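Q: The following file, my_file-v6.txt, comprises compact mmCIF, C-alpha atoms:
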# COMPACT_ATOMS: atom_id res chain seq x y z
CA MET S 3 142.46 118.76 80.78
CA LYS S 4 139.32 117.52 82.45
CA LYS S 5 136.42 116.70 80.21
CA LYS S 6 133.38 118.91 80.61
CA ILE S 7 130.17 116.96 81.09
CA GLY S 8 126.89 118.81 80.81
CA VAL S 9 123.84 117.58 82.73
CA GLY S 10 120.23 118.41 81.94
CA ILE S 11 117.42 117.71 84.40
CA ILE S 12 113.83 117.08 83.30
CA GLY S 13 111.56 117.67 86.29
CA TYR S 14 112.02 119.95 89.29
CA GLY S 15 109.72 118.34 91.81
CA THR S 16 110.68 116.65 95.07
CA VAL S 17 113.42 114.50 93.57
CA GLY S 18 114.53 116.84 90.76
CA SER S 19 115.16 119.67 93.19
CA GLY S 20 117.25 117.30 95.32
CA VAL S 21 119.32 116.28 92.29
CA TYR S 22 119.95 119.92 91.40
CA HIS S 23 120.95 120.70 95.00
CA ILE S 24 123.47 117.86 95.25
CA LEU S 25 124.99 118.44 91.80
CA THR S 26 125.51 122.15 92.49
CA THR S 27 126.74 121.85 96.08
CA LYS S 28 128.96 118.78 95.63
CA SER S 29 130.39 119.69 92.21
CA ARG S 30 134.01 119.94 93.41
CA LYS S 31 133.99 116.48 94.99
CA LEU S 32 132.18 114.88 92.05
CA SER S 33 134.50 116.49 89.51
CA THR S 34 137.67 115.53 91.42
CA LEU S 35 136.65 111.89 91.79
CA SER S 36 135.28 111.43 88.27
CA GLY S 37 138.01 113.28 86.44
CA ALA S 38 135.43 115.45 84.68
CA ASP S 39 133.83 118.83 85.31
CA ILE S 40 130.14 118.06 85.88
CA ASP S 41 127.96 121.08 85.19
CA VAL S 42 124.18 121.55 85.25
CA VAL S 43 123.44 123.15 81.88
CA LEU S 44 119.63 123.26 81.91
CA VAL S 45 116.66 122.35 84.12
CA ALA S 46 113.25 121.77 82.54
CA GLU S 47 110.05 122.10 84.55
CA ARG S 48 106.61 122.64 83.05
CA ASP S 49 105.72 124.94 85.96
CA ARG S 50 108.66 127.35 85.87
CA ASP S 51 107.41 129.12 89.00
CA ARG S 52 108.69 126.13 91.00
CA MET S 53 112.23 127.12 90.09
CA LYS S 54 112.00 130.86 90.80
CA GLY S 55 114.71 131.96 93.20
CA LYS S 56 116.20 128.43 93.23
CA VAL S 57 117.48 127.86 89.69
CA PRO S 58 119.08 130.72 87.71
CA GLU S 59 116.67 131.88 85.04
CA GLN S 60 119.24 131.47 82.27
CA ILE S 61 119.42 127.69 82.87
CA SER S 62 115.67 127.08 83.37
CA THR S 63 113.08 126.18 80.75
CA ALA S 64 109.55 124.84 80.50
CA ASP S 65 110.42 122.72 77.44
CA ALA S 66 111.91 119.25 78.03
CA TYR S 67 113.04 119.07 74.41
CA GLU S 68 115.43 121.97 75.01
CA VAL S 69 117.24 119.62 77.40
CA ILE S 70 116.99 116.61 75.08
CA ASN S 71 118.33 118.49 72.05
CA HIS S 72 120.85 120.80 73.76
CA PRO S 73 124.30 120.34 72.17
CA ASP S 74 126.18 120.87 75.46
CA ILE S 75 124.20 118.31 77.45
CA ASP S 76 125.77 114.85 77.70
CA VAL S 77 123.60 113.34 80.46
CA VAL S 78 119.82 113.70 80.72
CA VAL S 79 118.26 113.09 84.14
CA GLU S 80 114.55 112.19 83.95
CA VAL S 81 112.61 112.64 87.19
CA ILE S 82 109.02 113.28 86.09
CA GLY S 83 107.79 109.69 86.57
CA GLY S 84 105.00 107.82 84.79
CA ILE S 85 105.13 106.09 81.43
CA GLU S 86 104.41 109.03 79.14
CA PRO S 87 105.83 111.45 78.25
CA ALA S 88 108.86 110.02 80.12
CA TYR S 89 109.26 107.13 77.65
CA THR S 90 109.22 109.48 74.65
CA PHE S 91 111.70 111.85 76.32
CA ILE S 92 114.15 109.07 77.24
CA LYS S 93 113.88 107.37 73.87
CA GLN S 94 114.61 110.65 72.07
CA ALA S 95 117.53 111.43 74.37
CA LEU S 96 119.07 108.02 73.71
CA GLN S 97 118.55 108.46 69.96
CA ASN S 98 120.38 111.78 70.32
CA LYS S 99 123.25 109.74 71.82
CA LYS S 100 122.84 111.25 75.24
CA HIS S 101 123.33 109.21 78.39
CA VAL S 102 120.24 108.92 80.59
CA VAL S 103 119.72 108.55 84.34
CA THR S 104 116.18 107.87 85.56
CA ALA S 105 114.33 107.03 88.76
CA ASN S 106 111.29 105.82 86.83
CA LYS S 107 110.32 102.41 88.22
CA ALA S 108 107.03 102.12 86.32
CA LEU S 109 108.77 102.76 83.02
CA MET S 110 111.78 100.51 83.67
CA ALA S 111 109.49 97.69 84.85
CA SER S 112 107.41 97.83 81.67
CA ARG S 113 109.65 99.11 78.85
CA GLY S 114 113.10 99.00 80.39
CA GLY S 115 114.28 96.15 78.17
CA ALA S 116 113.65 98.08 74.96
CA LEU S 117 115.29 101.23 76.33
CA LEU S 118 118.38 99.35 77.51
CA GLU S 119 118.71 97.74 74.08
CA LEU S 120 118.43 101.16 72.44
CA ALA S 121 121.11 102.53 74.76
CA GLN S 122 123.45 99.71 73.75
CA GLU S 123 122.74 100.31 70.06
CA GLN S 124 123.54 104.00 70.51
CA GLY S 125 126.65 103.34 72.60
CA VAL S 126 125.40 105.29 75.61
CA ASP S 127 124.54 104.55 79.24
CA LEU S 128 121.10 104.18 80.81
CA TYR S 129 121.25 104.02 84.61
CA PHE S 130 118.31 103.57 87.01
CA GLU S 131 119.59 102.91 90.55
CA ALA S 132 116.97 105.19 92.14
CA SER S 133 114.07 103.23 90.61
CA VAL S 134 114.20 100.75 93.50
CA GLY S 135 114.82 101.46 97.16
CA GLY S 136 115.28 105.23 96.96
CA GLY S 137 118.69 105.92 98.50
CA ILE S 138 119.55 102.24 99.04
CA PRO S 139 122.24 100.97 96.64
CA ILE S 140 120.82 97.70 95.31
CA ILE S 141 120.85 97.59 91.50
CA ARG S 142 124.59 98.11 91.09
CA PRO S 143 125.44 95.63 93.89
CA LEU S 144 123.19 93.01 92.26
CA LYS S 145 124.77 93.59 88.85
CA HIS S 146 128.38 93.95 89.95
CA SER S 147 129.22 93.08 93.57
CA LEU S 148 127.12 89.89 93.55
CA ALA S 149 127.85 88.87 89.95
CA GLY S 150 129.66 85.75 91.16
CA ASN S 151 126.51 84.45 92.84
CA ALA S 152 123.56 82.45 91.71
CA ILE S 153 120.83 84.50 93.38
CA HIS S 154 118.13 82.26 94.84
CA ARG S 155 115.92 84.85 96.50
CA VAL S 156 115.28 88.58 96.70
CA MET S 157 112.72 89.62 99.30
CA GLY S 158 112.04 93.06 100.64
CA ILE S 159 110.03 95.95 101.94
CA VAL S 160 110.17 98.34 99.00
CA ASN S 161 107.23 100.65 99.66
CA GLY S 162 107.56 103.12 102.53
CA THR S 163 103.90 104.16 102.56
CA THR S 164 102.53 100.69 103.27
CA ASN S 165 105.32 99.97 105.73
CA TYR S 166 104.42 103.13 107.65
CA ILE S 167 100.75 102.11 107.73
CA LEU S 168 101.46 98.57 108.93
CA THR S 169 103.94 99.86 111.51
CA LYS S 170 101.31 102.24 112.96
CA MET S 171 98.78 99.40 113.08
CA ALA S 172 101.25 97.12 114.87
CA GLU S 173 102.64 99.66 117.34
CA GLU S 174 99.55 101.75 118.14
CA GLY S 175 96.60 99.50 117.29
CA SER S 176 95.38 101.93 114.60
CA SER S 177 92.93 100.82 111.96
CA LEU S 178 94.20 100.80 108.40
CA ASP S 179 92.08 103.84 107.49
CA GLU S 180 93.41 105.81 110.48
CA ALA S 181 97.02 104.97 109.65
CA LEU S 182 96.49 105.84 105.97
CA LYS S 183 95.00 109.25 106.82
CA GLU S 184 97.97 109.99 109.08
CA ALA S 185 100.40 108.95 106.34
CA GLN S 186 98.64 111.32 103.93
CA ALA S 187 98.72 114.18 106.45
CA LEU S 188 102.48 113.69 106.89
CA GLY S 189 103.11 113.54 103.15
CA PHE S 190 104.11 109.85 103.17
CA ALA S 191 101.06 108.88 101.08
CA GLU S 192 99.56 110.51 98.00
CA ALA S 193 96.00 111.86 97.89
CA ASP S 194 95.32 108.82 95.67
CA PRO S 195 97.31 106.10 97.47
CA SER S 196 96.17 103.22 95.25
CA ALA S 197 99.57 102.58 93.64
CA ASP S 198 101.01 102.02 97.11
CA VAL S 199 98.25 100.28 99.06
CA GLU S 200 97.24 98.04 96.15
CA GLY S 201 100.85 96.89 95.70
CA HIS S 202 101.52 98.22 92.17
CA ASP S 203 104.50 100.36 93.21
CA ALA S 204 106.15 97.37 94.89
CA ALA S 205 105.33 95.14 91.89
CA ALA S 206 107.23 97.43 89.52
CA LYS S 207 110.25 97.41 91.83
CA ILE S 208 110.40 93.64 92.31
CA ALA S 209 110.03 93.17 88.54
CA ILE S 210 113.22 95.22 88.10
CA LEU S 211 115.08 93.36 90.85
CA ALA S 212 114.00 89.92 89.60
CA SER S 213 115.13 90.78 86.07
CA ILE S 214 118.61 91.67 87.36
CA ALA S 215 118.92 88.89 89.94
CA PHE S 216 117.83 86.07 87.61
CA ASN S 217 119.13 87.54 84.30
CA SER S 218 115.71 87.12 82.70
CA ARG S 219 113.28 89.92 81.81
CA VAL S 220 110.30 90.24 84.16
CA THR S 221 107.72 92.94 83.48
CA ALA S 222 105.35 94.36 86.08
CA ASP S 223 102.32 92.68 84.52
CA LYS S 224 103.87 89.27 85.31
CA VAL S 225 104.01 90.01 89.05
CA TYR S 226 101.21 88.51 91.16
CA THR S 227 100.00 91.45 93.24
CA GLU S 228 97.84 91.90 96.34
CA GLY S 229 97.56 95.06 98.44
CA ILE S 230 97.12 95.69 102.14
CA MET S 231 93.54 97.01 102.25
CA GLY S 232 92.18 93.77 103.74
CA ILE S 233 94.51 93.81 106.76
CA THR S 234 92.70 94.35 110.06
CA PRO S 235 93.88 95.06 113.63
CA GLU S 236 92.77 91.49 114.43
CA ASP S 237 95.21 90.09 111.86
CA ILE S 238 98.00 92.22 113.32
CA ALA S 239 97.18 91.04 116.86
CA TYR S 240 96.92 87.35 115.94
CA ALA S 241 100.16 87.50 113.99
CA LYS S 242 101.92 88.99 117.02
CA GLU S 243 100.47 86.28 119.27
CA MET S 244 101.85 83.65 116.89
CA GLY S 245 105.29 85.31 116.83
CA TYR S 246 104.94 87.10 113.49
CA ILE S 247 104.85 90.60 112.00
CA ILE S 248 102.79 91.52 108.91
CA LYS S 249 104.63 93.35 106.13
CA LEU S 250 103.87 94.05 102.48
CA LEU S 251 106.65 91.97 100.94
CA ALA S 252 107.97 91.90 97.41
CA VAL S 253 109.28 88.39 96.81
CA ALA S 254 111.30 86.91 93.94
CA LYS S 255 112.59 83.34 94.00
CA GLU S 256 114.10 81.01 91.46
CA ASP S 257 114.32 77.23 91.35
CA ASP S 258 114.52 74.53 88.67
CA GLU S 259 110.87 75.08 87.72
CA GLY S 260 111.26 78.81 87.02
CA MET S 261 110.81 82.16 88.75
CA GLU S 262 108.14 83.25 91.17
CA VAL S 263 107.64 86.99 91.48
CA ARG S 264 104.93 88.32 93.77
CA VAL S 265 103.81 91.13 96.09
CA HIS S 266 101.39 90.60 98.96
CA PRO S 267 100.91 91.10 102.70
CA THR S 268 103.05 88.50 104.42
CA MET S 269 103.58 87.19 107.93
CA ILE S 270 107.27 86.94 108.77
CA PRO S 271 108.84 85.78 112.06
CA ALA S 272 109.36 88.60 114.54
CA LYS S 273 113.05 87.63 114.74
CA HIS S 274 113.58 87.99 110.95
CA PRO S 275 115.74 91.02 110.01
CA LEU S 276 112.92 92.45 107.86
CA ALA S 277 110.49 92.40 110.80
CA SER S 278 112.31 95.26 112.53
CA VAL S 279 112.15 97.56 109.48
CA ALA S 280 109.71 100.24 110.66
CA GLY S 281 108.05 103.40 109.40
CA VAL S 282 108.94 104.59 105.91
CA MET S 283 112.23 102.70 105.80
CA ASN S 284 112.95 100.08 103.12
CA ALA S 285 115.04 96.93 103.24
CA ILE S 286 115.95 94.33 100.65
CA PHE S 287 117.09 90.85 101.63
CA VAL S 288 119.20 88.92 99.10
CA GLU S 289 120.27 85.29 99.23
CA GLY S 290 123.09 84.04 96.98
CA ASP S 291 124.88 80.71 96.78
CA ALA S 292 128.28 82.23 97.56
CA VAL S 293 127.57 85.26 99.75
CA GLY S 294 124.78 83.67 101.77
CA GLU S 295 122.28 86.18 103.13
CA VAL S 296 122.76 89.96 102.97
CA MET S 297 120.39 92.84 103.62
CA PHE S 298 120.35 96.38 102.22
CA TYR S 299 118.59 98.91 104.47
CA GLY S 300 117.82 102.61 104.31
CA PRO S 301 115.38 105.37 103.35
CA GLY S 302 113.23 104.27 100.43
CA ALA S 303 111.98 107.68 99.33
CA GLY S 304 112.36 111.40 99.85
CA SER S 305 114.05 114.22 98.01
CA LEU S 306 117.67 113.74 99.04
CA PRO S 307 117.80 109.93 99.46
CA ALA S 308 116.45 109.39 95.92
CA ALA S 309 118.60 112.23 94.61
CA SER S 310 121.63 110.60 96.22
CA ALA S 311 121.09 107.47 94.09
CA ILE S 312 120.53 109.54 90.94
CA VAL S 313 123.68 111.60 91.46
CA GLY S 314 125.57 108.37 92.07
CA ASP S 315 124.46 107.27 88.59
CA VAL S 316 125.44 110.63 87.09
CA PHE S 317 128.85 110.23 88.71
CA GLU S 318 129.16 106.71 87.28
CA VAL S 319 128.33 107.95 83.78
CA ALA S 320 130.85 110.79 84.14
CA LEU S 321 133.49 108.29 85.22
CA ASN S 322 132.66 106.08 82.24
CA ILE S 323 133.00 109.04 79.88
CA SER S 324 136.36 109.96 81.45
CA LEU S 325 137.61 106.39 81.06
CA ASN S 326 136.07 105.88 77.60
CA LYS S 327 133.99 102.92 78.79
CA VAL S 328 130.44 104.11 78.12
CA GLY S 329 127.74 101.56 77.49
CA SER S 330 128.85 99.44 80.45
CA MET S 331 125.34 99.13 82.02
CA THR S 332 123.97 96.35 79.85
CA CYS S 333 120.53 94.81 80.21
CA GLY S 334 121.87 91.54 81.62
CA CYS S 335 118.67 89.66 80.72
CA PHE S 336 120.35 87.06 78.52
CA GLU S 337 118.14 84.16 79.63
CA HIS S 338 114.46 83.42 79.05
CA LYS S 339 113.05 81.79 82.16
CA LYS S 340 109.44 80.99 82.92
CA VAL S 341 107.52 83.00 85.50
CA LYS S 342 105.47 80.50 87.47
CA ALA S 343 101.71 80.87 87.63
CA VAL S 344 100.56 81.76 91.12
CA ASP S 345 98.70 78.43 91.35
CA ASP S 346 102.05 76.61 91.23
CA ILE S 347 103.69 78.59 94.02
CA GLU S 348 104.15 76.90 97.39
CA SER S 349 103.69 78.78 100.65
CA ARG S 350 102.55 78.46 104.22
CA TYR S 351 99.30 80.23 105.10
CA TYR S 352 97.49 81.99 107.91
CA MET S 353 93.69 81.76 107.71
CA ARG S 354 91.06 83.53 109.85
CA LEU S 355 87.44 82.33 109.83
CA ASP S 356 84.18 83.30 111.51
CA ALA S 357 82.43 80.00 112.31
CA LEU S 358 79.64 78.65 114.49
CA ASP S 359 80.71 77.85 118.03
CA LYS S 360 79.52 74.28 118.38
CA PRO S 361 80.95 70.74 118.43
CA GLY S 362 82.18 69.28 115.15
CA VAL S 363 82.91 72.58 113.39
CA LEU S 364 86.67 72.28 113.64
CA ALA S 365 86.49 68.69 112.40
CA LYS S 366 84.46 69.71 109.33
CA ILE S 367 86.95 72.44 108.41
CA ALA S 368 89.93 70.16 109.05
CA LYS S 369 88.41 67.49 106.79
CA VAL S 370 88.03 69.95 103.90
CA LEU S 371 91.61 71.08 104.34
CA GLY S 372 92.89 67.51 104.53
CA ASP S 373 90.88 66.42 101.48
CA ASN S 374 92.68 69.16 99.52
CA ASN S 375 96.19 68.30 100.73
CA VAL S 376 96.38 71.22 103.18
CA SER S 377 98.02 70.21 106.47
CA ILE S 378 97.25 72.22 109.61
CA GLU S 379 100.21 73.33 111.75
CA THR S 380 98.26 75.38 114.32
CA ALA S 381 94.60 75.98 115.16
CA ILE S 382 93.39 78.57 117.68
CA GLN S 383 89.86 79.52 118.75
CA LYS S 384 89.38 83.21 119.62
CA ASN S 385 86.66 85.70 120.58
CA THR S 386 83.63 83.48 121.22
CA ARG S 387 80.42 85.55 121.15
CA ASP S 388 76.79 85.30 119.98
CA GLY S 389 77.20 81.65 119.08
CA HIS S 390 80.17 82.36 116.82
CA ALA S 391 83.94 82.07 117.23
CA GLU S 392 86.98 83.20 115.29
CA LEU S 393 89.16 80.31 114.20
CA VAL S 394 92.76 81.02 113.27
CA PHE S 395 94.74 78.39 111.35
CA GLY S 396 98.35 78.10 110.31
CA THR S 397 99.25 75.60 107.57
CA TYR S 398 102.34 73.76 106.50
CA LEU S 399 103.79 74.32 103.03
CA VAL S 400 101.10 73.89 100.38
CA LYS S 401 100.56 74.78 96.73
CA GLU S 402 98.42 77.82 96.06
CA LYS S 403 95.96 75.89 93.91
CA SER S 404 95.33 73.41 96.72
CA MET S 405 94.74 76.22 99.20
CA ARG S 406 92.35 78.04 96.85
CA ARG S 407 90.42 74.84 96.18
CA ALA S 408 90.07 74.22 99.92
CA LEU S 409 88.91 77.81 100.53
CA LYS S 410 86.10 77.47 98.00
CA LYS S 411 84.86 74.37 99.82
CA ILE S 412 85.20 76.02 103.24
CA GLU S 413 83.17 79.04 102.09
CA GLN S 414 80.35 76.65 101.18
CA LEU S 415 80.21 75.01 104.63
CA ASP S 416 77.02 75.86 106.54
CA VAL S 417 79.08 76.20 109.75
CA VAL S 418 81.31 78.97 108.32
CA ALA S 419 79.87 82.49 108.31
CA GLU S 420 82.85 84.23 106.70
CA VAL S 421 86.43 83.71 105.59
CA GLY S 422 88.00 86.75 107.26
CA ASN S 423 91.50 86.80 105.76
CA ILE S 424 94.18 84.67 104.17
CA LEU S 425 97.86 85.63 104.41
CA ARG S 426 101.00 83.92 103.21
CA VAL S 427 103.80 83.16 105.65
CA GLU S 428 107.51 83.48 104.78
CA GLY S 429 110.66 82.75 106.70
When written as structure tokens, how does the structure in this file appear?

A:
Amino acid sequence: MKKKIGVGIIGYGTVGSGVYHILTTKSRKLSTLSGADIDVVLVAERDRDRMKGKVPEQISTADAYEVINHPDIDVVVEVIGGIEPAYTFIKQALQNKKHVVTANKALMASRGGALLELAQEQGVDLYFEASVGGGIPIIRPLKHSLAGNAIHRVMGIVNGTTNYILTKMAEEGSSLDEALKEAQALGFAEADPSADVEGHDAAAKIAILASIAFNSRVTADKVYTEGIMGITPEDIAYAKEMGYIIKLLAVAKEDDEGMEVRVHPTMIPAKHPLASVAGVMNAIFVEGDAVGEVMFYGPGAGSLPAASAIVGDVFEVALNISLNKVGSMTCGCFEHKKVKAVDDIESRYYMRLDALDKPGVLAKIAKVLGDNNVSIETAIQKNTRDGHAELVFGTYLVKEKSMRRALKKIEQLDVVAEVGNILRVEG
């Protein structure tokens, strides 16, 4: 006889409704492949009106603890987001020896280690594929398919909102504010878009990916983070002229000195695979010593893409239960590696300045850069007007602390009116 596996869903918003839809419409396929009858026992949503006419009343509730404590529920799906009360709900479910599937990136990037340890202690599974990349399979491939690799680098576009904004700026010449308002009107950006445009959403995701790739726990507060609010149409245009595209990149690298984990606007070559990722799409580029370079691409958000990843986890748990191999998703963070301070990270840079248009200015700026071990690769003068000119520089590889030291000196030069923008260059 097939085992019966009861599923409870906490949250019936955009993603929760997608999970319910897939589980109820694909039940025959899921049950046949997993060897278990997967049944939605209960759906909890604080606003029960959301479920009217969509979820049978007898399996709907406003109380999450009815799901957590229900004797017929084996797998709890948490899709409410945020740290609390999600952390309390998941912790209690694990203590009740229920398996948990979550899409909660903020929680897994801050307290995921403790929850994974609790799951192991309780002999249950905690899966979180949908926490990064929406519908893109990335966590399980990193843990399993690429287990034979030493991963050197994970780099990706993991926030659809900012990618949409930067795409509109590049393709249509929109200002950042115009592109943001359009993203909000289309539902791609929240009314308060700060988590996206300030880079915090991407920071949580790269913390999770770095932890898995390098087998060492990285929390979101260790990720150096910059948002996109300083990007101007001029930066987009100059990047294009130099053969680059600007993207908000999440970057994780490892070398003998430790890990670097960061999120910031980045110039990447127009021919790089990530440069063609447009709109709300996501892509994650992975480099391993055995596999070489691979890229995972697809929709990074939305009801059904995210639900697809969650249901994949539910299926995996059901398969584990059928095969008596629960507890297989271990933390994997068995090493304790240093996260480098941003000052010790090396990068190439793009720099835009407003300076006086007169002889000797370029030489003064070049001297400051040279005195601080910053070598210039390119220098372009643009838009001369009213006795001023825009100067655009590209540097060779340099340590962050050297670049910051040079910038302080440049800002003090009487020939420099303003440091317009500084961007890192990858690829």

Q: Please identify all polymer residues within 7 Å of Ala108 (chain S), counting all atoms listed in the file, omitting same-chain residues fewer than 3 positions from it, and present them as a compact mmCIF listing (two decimals) with C-alpha atoms, keeping the file's coordinate frame.

A:
# COMPACT_ATOMS: atom_id res chain seq x y z
CA GLY S 84 105.00 107.82 84.79
CA ILE S 85 105.13 106.09 81.43
CA ALA S 111 109.49 97.69 84.85
CA SER S 112 107.41 97.83 81.67
CA ALA S 206 107.23 97.43 89.52

Q: Place a sphere of radius 6 Å on (126.4, 117.1, 76.5) in the file coordinates and name every protein, DNA or RNA residue with an atom inside or on its surface, counting all atoms listed in the file; give the answer as an mmCIF file with C-alpha atoms, in the frame of the given file.

A:
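The resulting file, part_12.cif, is shown below:
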data_model
loop_
_atom_site.group_PDB
_atom_site.id
_atom_site.type_symbol
_atom_site.label_atom_id
_atom_site.label_comp_id
_atom_site.auth_asym_id
_atom_site.auth_seq_id
_atom_site.Cartn_x
_atom_site.Cartn_y
_atom_site.Cartn_z
ATOM 1 C CA ILE S 7 130.170 116.960 81.090
ATOM 2 C CA GLY S 8 126.890 118.810 80.810
ATOM 3 C CA PRO S 73 124.300 120.340 72.170
ATOM 4 C CA ASP S 74 126.180 120.870 75.460
ATOM 5 C CA ILE S 75 124.200 118.310 77.450
ATOM 6 C CA ASP S 76 125.770 114.850 77.700
#

Q: Find the spatial neighbours of Met53 (chain S), counting only C-alpha atoms, within a cut-off of 10 Å - ignore same-chain residues fewer than 3 positions away - and output them as a ChimeraX atom specification.

A: /S:14-15,19,45-47,49-50,56-59,62-63

Q: Check the smallest atom-to-atom distance from each of S:Ala357, S:Val220, S:Val134, S:Gln414 to Leu393 (chain S) using only C-alpha atoms, then report the winner.

A: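 Of all the options, S:Ala357 lies closest to Leu393 (chain S).
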
Q: Sorted by chain and rising residue number, list the residues of region 232-326 of chain S at most 12 Å from region 381-390 of chain S (counting all atoms listed in the file), each with its closest atom pair and distance in Å to one decimal, as CSV.

A:
residue,atom,partner,partner_atom,distance
S:Glu236,CA,S:Lys384,CA,10.3
S:Asp237,CA,S:Lys384,CA,11.9
S:Ala239,CA,S:Lys384,CA,11.4
S:Tyr240,CA,S:Lys384,CA,9.4
S:Ala241,CA,S:Ile382,CA,11.8
S:Glu243,CA,S:Ile382,CA,10.6
S:Met244,CA,S:Ile382,CA,9.9

Q: My list of candidates is S:Ala277, S:Val81, S:Asp127, S:Gly232. Which is closest to Gly20 (chain S) when distances are computed with all atoms listed in the file?

A: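 Residue with the minimum atom-to-atom distance to Gly20 (chain S): S:Val81.
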
Q: Which residues of region 144-230 of chain S sit at most 7 Å from region 284-290 of chain S, using all atoms listed in the file? Give each one's shortest atom pair and distance in Å (one decimal place), in chain and ascending residue order, as JSON lines.

A:
{"residue": "S:Asn151", "atom": "CA", "partner": "S:Gly290", "partner_atom": "CA", "distance": 5.4}
{"residue": "S:Ala152", "atom": "CA", "partner": "S:Gly290", "partner_atom": "CA", "distance": 5.5}
{"residue": "S:Ile153", "atom": "CA", "partner": "S:Gly290", "partner_atom": "CA", "distance": 4.3}
{"residue": "S:His154", "atom": "CA", "partner": "S:Gly290", "partner_atom": "CA", "distance": 5.7}
{"residue": "S:Arg155", "atom": "CA", "partner": "S:Glu289", "partner_atom": "CA", "distance": 5.2}
{"residue": "S:Val156", "atom": "CA", "partner": "S:Val288", "partner_atom": "CA", "distance": 4.6}
{"residue": "S:Met157", "atom": "CA", "partner": "S:Phe287", "partner_atom": "CA", "distance": 5.1}
{"residue": "S:Gly158", "atom": "CA", "partner": "S:Ile286", "partner_atom": "CA", "distance": 4.1}
{"residue": "S:Ile159", "atom": "CA", "partner": "S:Asn284", "partner_atom": "CA", "distance": 5.2}
{"residue": "S:Val160", "atom": "CA", "partner": "S:Asn284", "partner_atom": "CA", "distance": 5.3}
{"residue": "S:Asn161", "atom": "CA", "partner": "S:Asn284", "partner_atom": "CA", "distance": 6.7}
{"residue": "S:Gly162", "atom": "CA", "partner": "S:Asn284", "partner_atom": "CA", "distance": 6.2}

Q: Fewer than 2 positions away in the same chain doesn't count, so skip those; otherwise give me all residues within 8 Å of Ala308 (chain S), counting all atoms listed in the file, as a list in words.

A: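 So the residues in contact are Val17, Gly20, Ala105, Ala132, Gly136, Gly137, Gly302, Ala303, Gly304, Ser305, Leu306, Ser310, Ala311 and Ile312 of chain S.
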
Q: Could you name the residues that touch Gly201 (chain S) at 8 Å or less, counting only C-alpha atoms, but leaving out those on the same chain fewer than 5 positions away, as a count of residues only?

A: 8
